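*Asks:* Before I ask anything, here is the structure I am working with.
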Amino acid sequence: MTKPEVYQPTPEERLRANGVSDELKLSGDGIFATLQGEGVSAGRPSVFLRLQNCNLHCGKEGIGWQCDAWYTWDSSSREYWQETRLASISLVADEIKNAWDENFIEEALTPNLVITGGEPLLQQKKLALLLPLLTEWTTEIETNGTILPSYDFRDSQINCSPKLASSGNALHARQRVKVLQGIATFPNYWLKFVIKEETDIAEMKQVVQIANDGDYSRVILMGEGVVASELNESLKRLHDLAQKLGCAVTARNHIYWYGDKRAT
Ligand code: SF4
């Protein structure tokens with residue numbers, strides 16, 4: 001991905017993006033309904049809540065971001081400053097319910113909320129106030145595995161995607177042993193890895209060992225690519241590795257369904 005030109009925010013944009021408040025800070029994608037594209041819930045009708053900011057930066061400045069949600073944290077982009085919005089917790093709950101009602105047949109399905117980012121656990125205190133407003137819902141929390149989810153989320157599915165060396169993040173930033181081990185105590189957690197390079201395989205095995213003593217029944221390898229042909233090749237490469245380890249493989253179905261588009 002080509003790095004966009006450095007954007008200089010206006011004072012108003014700076015205030016809105018950095019302001020301290022008890023509201024949730026949403027990214028430009030905000031709240032949208034779609035089918036979950038990846039992981040154990042792939043294909044499930046869901047409402048996504050995409051929050052602003054991330055504590056990691058995947059990819060390399062000047063070369064390109066690997067992150068498909070760079071606009072949630074890249075402060076050199078216009079999108080980061082201009083698209084974010086603050087919203088009260090009750091308003092966010094209402095918008096989530098409305099998104100479900102407008103897109104799915106409510107009676108036929110258990111509504112599912114996927115909380116993503118950026119890194120959504122940066123706002124976990126506020127999320128802990130949101131979930132009690134959605135008691136009929138199942139929830140998934142997508143995290144990079146560097147912030148321990150609080151006890152409030154023990155009923156949620158934790159989709160943890162630890163970042164490896166090829167993500168460009170330093171080891172001390174991307175690998176938090178106590179957090180990984182804490183996540184592995186949650187009843188419904190998954191460790192999802194994007195394998196880009198050969199060296200990622202050794203690190204992935206090391207992380208699984210650290211997190212859950214090498215239990216691959218909780219591990220999913222994810223293909224990479226922003227076009228279908230790349231994704232197909234990646235999935236073929238992962239087949240033998242997954243078979244050997246006894247873990248699962250997932251596609252990124254949203255690439256097949258919608259292409260490389262935001263809010264999908
Ligand atoms: S951890 Fe996730 S959201 Fe954060 S920069 Fe990496 S890919 Fe993007």
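Naming works like this for the structure tokens: A, B, ... for the chains as they're shown, residue 1 at the start of each chain, ligands 1 onward in shown order.
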Got a sec to check which residues lie within 12 Å of ligand 1, using only C-alpha atoms and all ligand atoms, and send them as an MDAnalysis selection string?
*Replies:* chainID A and resid 27 50:61 64:74 115:122 142:147 159:170 173:175 192:194 224
*Asks:* Give me the residues near A:Ile31 as a PyMOL selection string, where near means some atom within 12 Å (using only C-alpha atoms) and where sequence neighbours in that chain fewer than 6 positions away do not count.
*Replies:* chain A and resi 24-25+46-52+84-85+87+91-100+113-117+262-264
*Asks:* So what do you get for atom CA of A:Ser41 versus atom CA of A:Gln243, distance-wise?
*Replies:* 20.3 Å
*Asks:* Just want the 8 Å neighbourhood of stretch 131-133 of chain A, counted on only C-alpha atoms, with same-chain residues fewer than 2 positions away dropped. Output as a list in words.
*Replies:* Ser90, Ala93, Leu127, Ala128, Leu129 and Thr135 of chain A
*Asks:* Taking into account only C-alpha atoms, which residue in the set A:Gln82, A:Asn253, A:Asp101, A:Gln123 is nearest to A:Tyr7?
*Replies:*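 Using only C-alpha atoms, A:Tyr7 sits closest to A:Gln82.
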*Asks:* Within 12 Å of A:Ala42, counting only C-alpha atoms, which residues qualify if same-chain residues fewer than 4 places away don't, as number ranges by chain?
*Replies:* A: 34-38, 46, 112, 114, 140, 159, 220, 222, 249-254
*Asks:* Deliver the residues from the most recent selection as a file, using N, CA, C and O atoms, as a compact mmCIF listing (two decimals), in the first residue's frame.
*Replies:*
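Produced file out.txt, reproduced below:
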# COMPACT_ATOMS: atom_id res chain seq x y z
N THR A 34 -22.20 -6.74 7.94
CA THR A 34 -21.65 -7.55 6.86
C THR A 34 -21.59 -9.00 7.35
O THR A 34 -22.11 -9.31 8.42
N LEU A 35 -20.97 -9.87 6.57
CA LEU A 35 -20.71 -11.23 7.05
C LEU A 35 -19.28 -11.27 7.57
O LEU A 35 -18.38 -10.72 6.93
N GLN A 36 -19.10 -11.89 8.71
CA GLN A 36 -17.72 -12.05 9.21
C GLN A 36 -16.90 -12.76 8.13
O GLN A 36 -17.32 -13.80 7.60
N GLY A 37 -15.75 -12.20 7.78
CA GLY A 37 -15.00 -12.72 6.65
C GLY A 37 -13.98 -13.79 7.00
O GLY A 37 -13.54 -14.54 6.14
N GLU A 38 -13.58 -13.87 8.26
CA GLU A 38 -12.45 -14.75 8.59
C GLU A 38 -12.60 -15.39 9.96
O GLU A 38 -13.43 -14.97 10.76
N SER A 46 -23.05 -10.35 10.89
CA SER A 46 -22.51 -9.65 12.06
C SER A 46 -22.60 -8.14 11.85
O SER A 46 -22.62 -7.66 10.72
N ASN A 112 -24.82 -10.89 16.22
CA ASN A 112 -23.40 -11.03 16.56
C ASN A 112 -22.69 -9.69 16.33
O ASN A 112 -22.85 -9.08 15.27
N VAL A 114 -18.97 -7.82 16.19
CA VAL A 114 -17.52 -7.98 16.11
C VAL A 114 -16.90 -6.63 16.42
O VAL A 114 -17.12 -5.66 15.70
N GLU A 140 -17.63 -10.83 19.56
CA GLU A 140 -16.25 -11.23 19.25
C GLU A 140 -15.38 -9.99 19.41
O GLU A 140 -15.78 -8.90 18.98
N ASN A 159 -10.71 -13.15 19.40
CA ASN A 159 -9.97 -13.46 18.17
C ASN A 159 -8.62 -12.75 18.26
O ASN A 159 -8.52 -11.57 17.92
N ILE A 220 -5.42 -20.84 14.18
CA ILE A 220 -5.91 -20.69 12.81
C ILE A 220 -4.84 -19.95 12.01
O ILE A 220 -4.37 -18.88 12.44
N MET A 222 -4.04 -17.86 8.67
CA MET A 222 -4.87 -17.08 7.73
C MET A 222 -4.08 -16.75 6.47
O MET A 222 -2.92 -16.29 6.55
N VAL A 249 -7.25 -23.50 8.92
CA VAL A 249 -6.86 -22.45 7.97
C VAL A 249 -8.10 -21.63 7.67
O VAL A 249 -9.20 -22.18 7.57
N THR A 250 -7.95 -20.35 7.55
CA THR A 250 -9.08 -19.52 7.14
C THR A 250 -8.68 -18.62 5.98
O THR A 250 -7.55 -18.15 5.90
N ALA A 251 -9.66 -18.38 5.12
CA ALA A 251 -9.47 -17.39 4.05
C ALA A 251 -9.81 -16.01 4.60
O ALA A 251 -10.12 -15.87 5.79
N ARG A 252 -9.70 -15.02 3.78
CA ARG A 252 -10.25 -13.70 4.09
C ARG A 252 -11.40 -13.52 3.09
O ARG A 252 -11.23 -12.95 2.02
N ASN A 253 -12.55 -14.08 3.49
CA ASN A 253 -13.64 -14.15 2.51
C ASN A 253 -14.11 -12.80 2.00
O ASN A 253 -14.64 -12.69 0.89
N HIS A 254 -13.92 -11.76 2.80
CA HIS A 254 -14.36 -10.43 2.34
C HIS A 254 -13.61 -9.99 1.09
O HIS A 254 -14.13 -9.21 0.30
*Asks:* To one decimal place, how far is atom CA of A:Ala242 from atom CA of A:Arg44 in Å?
*Replies:*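 These two atoms are separated by 22.9 Å.
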*Asks:* Could you pull out the helix (DSSP H, G or I) residues of stretch 33-261 of chain A, going by DSSP on the backbone, and write them as an MDAnalysis selection string?
*Replies:* chainID A and resid 70:72 78:83 89:103 106:108 120:133 151:153 165:167 171:174 177:183 198:212 216:218 228:245 253:258
*Asks:* Report as a PyMOL selection string: the residues of stretch 167-228 of chain A with a DSSP assignment of strand (DSSP E or B), based on the backbone of this structure.
*Replies:* chain A and resi 189-194+219-222
*Asks:* Could you tell me which of A:Pro149, A:Gly182, A:Gly223, A:Gly214 comes closest to A:Lys196 if we count only C-alpha atoms?
*Replies:* A:Gly223
*Asks:* Just checking: using only C-alpha atoms, which residue out of A:Gln157, A:Thr138, A:Ser76, A:Gln181 ends up closest to A:Gly39?
*Replies:*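 When distances to A:Gly39 are compared using only C-alpha atoms, the smallest one comes from A:Gln157.
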*Asks:* Suppose you want the space between atom CA of A:Asp155 and atom CA of A:Ala211; what is it in Å?
*Replies:*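 That distance, rounded to one decimal, is 19.5 Å.
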*Asks:* Name all residues at most 9 Å from A:Ser156 (count only C-alpha atoms; drop same-chain ones fewer than 3 positions away) and give them as a PyMOL selection string.
*Replies:* chain A and resi 138-141+152-153+186-189
*Asks:* Take the residues from that selection and put them in a file with C-alpha atoms, as a JSON list (two decimals), in the first residue's frame.
*Replies:*
[["chain", "number", "residue", "atom", "x", "y", "z"],
["A", 138, "THR", "CA", -22.89, -12.70, 21.08],
["A", 139, "THR", "CA", -19.66, -10.75, 20.79],
["A", 140, "GLU", "CA", -16.25, -11.23, 19.25],
["A", 141, "ILE", "CA", -13.29, -9.06, 20.17],
["A", 152, "ASP", "CA", -15.88, -8.35, 31.61],
["A", 153, "PHE", "CA", -15.19, -10.06, 28.30],
["A", 186, "PHE", "CA", -10.49, -17.29, 28.21],
["A", 187, "PRO", "CA", -13.11, -19.97, 27.46],
["A", 188, "ASN", "CA", -13.46, -19.06, 23.79],
["A", 189, "TYR", "CA", -10.18, -17.75, 22.40]]
*Asks:* Between A:Pro45, A:Ile210, A:Ser229, A:Ser77, single out the one closest to A:Val6, counting only C-alpha atoms.
*Replies:*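 Residue with the minimum atom-to-atom distance to A:Val6: A:Ser77.
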*Asks:* Do you know which residues are at most 9 Å from A:Asp22 counting only C-alpha atoms, after dropping those on the same chain fewer than 6 positions away, and could you put them as a list in words?
*Replies:*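 Final neighbour list, sorted by chain and number: Ala87, Ser88, Ile89 and Lys126 of chain A.
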